[in-house]
Amino acid sequence: MSADPTRPVAETRREKRETSPQRELEQIKADLIAVVSHELRTPLTLIRGSLDTLLRPDLALTSDQQERLLRRAREATDRLSLLIDELLSASQIESGDYVLQSQVVDLNEVVRGVLSNLAQLGDHRLQATLSDTPLLVRADPLKLEQVLNNLLNNAFKFSPPGSAVTVCVKADAARREALVSVTDQGRGIASEDQAHLFTKFYRVDNGLSRRTPGIGLGLYISERIVHAHGGQLRVQSEMGKGSTFSFSLPLGDDDAPTDD
Ligand code: ADP
């Protein structure tokens, strides 16, 4: 494929995915160029613009205006660092250089910690139902936080302001699993797109994804992390009604997977 570096990654959706390793590699390279040129450049331009404005003495900015510019630069920096973290995580997963620092944790506590540190909530109404009893799993808490943060950020990004986002943590005793789900009231995901969501750089080709920052690595990374813990990441979605992303983890610390 000829790489067009000005093309946003959202537009690089593969209509027909080539299967040969050579074509796959070329596609990954083209996607990376699109990511670097668009998704990294946009926040950089914002930071540069904010700093230039702050450095102009002739503008005599009020302290409120200065604060707004600083906040804008700060948000763009967060966006940049998330992008870099995602690229790094994906490359570690690819190279097999991804180590879980597992310990026995109560899933309720991990979820509680993420909810209390949420950076992005917008106007959404966040509702959480945790389990009444501790749900002990053998897991890397930082990696689980990464998964949950990604699912929550997506729920906020892809659903309208004011709508509810619900987090639920519960046990499926029969299957000896813990389940964490994030439900939103967004526009939903068509079933043909659901089949590709956990693929690197895949973004749904609709106006909303194109206008929303992101590079299509979050769900790929999340699926790999959950899989490495012996669990499964699933999506259920209906167009016009919303989406639920949920992941399972084996319950208990005795027969849980060992570090890999
Ligand atoms: P990113 O959010 O950076 O695009 P992800 O891998 O997290 O990457 O998500 C891939 C794509 O899946 C998104 O671009 C979006 O099109 C779709 N998606 C993910 N979560 C949701 C959701 N909760 N509602 C609707 N679409 C979603």
# chains A, B, ... in the order shown; residues from 1 in each chain; ligands from 1
>>> residues_near_ligand(ligand="ligand 1", cutoff="7 Å", atoms="only C-alpha atoms and all ligand atoms", output="list in words")
Asn150, Leu151, Asn154, Ala155, Phe158, Ser159, Asp184, Gly186, Arg187, Gly188, Ile189, Leu197, Phe198, Phe201, Tyr202, Arg203, Val204, Asp205, Ser209, Pro213, Gly214, Ile215, Gly216, Leu217, Gly218, Leu219, Tyr220, Gly242 and Ser243 of chain A
>>> residues_around(residues="Gln103 in chain A", least_positions_apart="4", cutoff="9 Å", atoms="only C-alpha atoms", output="count of residues only")
6
>>> atom_distance(atom1="CA of Leu208 in chain A", atom2="CA of Ser163 in chain A")
16.1 Å
>>> closest_residue(among="A:Tyr98, A:Glu39, A:Thr166, A:Thr45", to="Ser81 in chain A", atoms="only C-alpha atoms")
A:Glu39
>>> residues_around(residues="Ser191 in chain A", least_positions_apart="6", cutoff="10 Å", atoms="only C-alpha atoms", output="list in words")
Val235, Gln236, Ser237, Glu238 and Met239 of chain A
>>> select_by_dssp(residues="range 21-164 of chain A", states="strand (DSSP E or B)", output="MDAnalysis selection string")
chainID A and resid 103:106 125:129 136:139 164
>>> residues_around(residues="range 225-228 of chain A", least_positions_apart="4", cutoff="9 Å", atoms="only C-alpha atoms", output="MDAnalysis selection string")
chainID A and resid 93 100 143:144 146:147 220:221 232:233 247:249 257 259:260
>>> closest_residue(among="A:Arg41, A:Asp52, A:Asp58, A:Leu115", to="Arg79 in chain A", atoms="only C-alpha atoms")
A:Arg41
>>> closest_residue(among="A:Gly252, A:Ser37, A:Glu24, A:Gln101", to="Arg175 in chain A", atoms="only C-alpha atoms")
A:Gly252
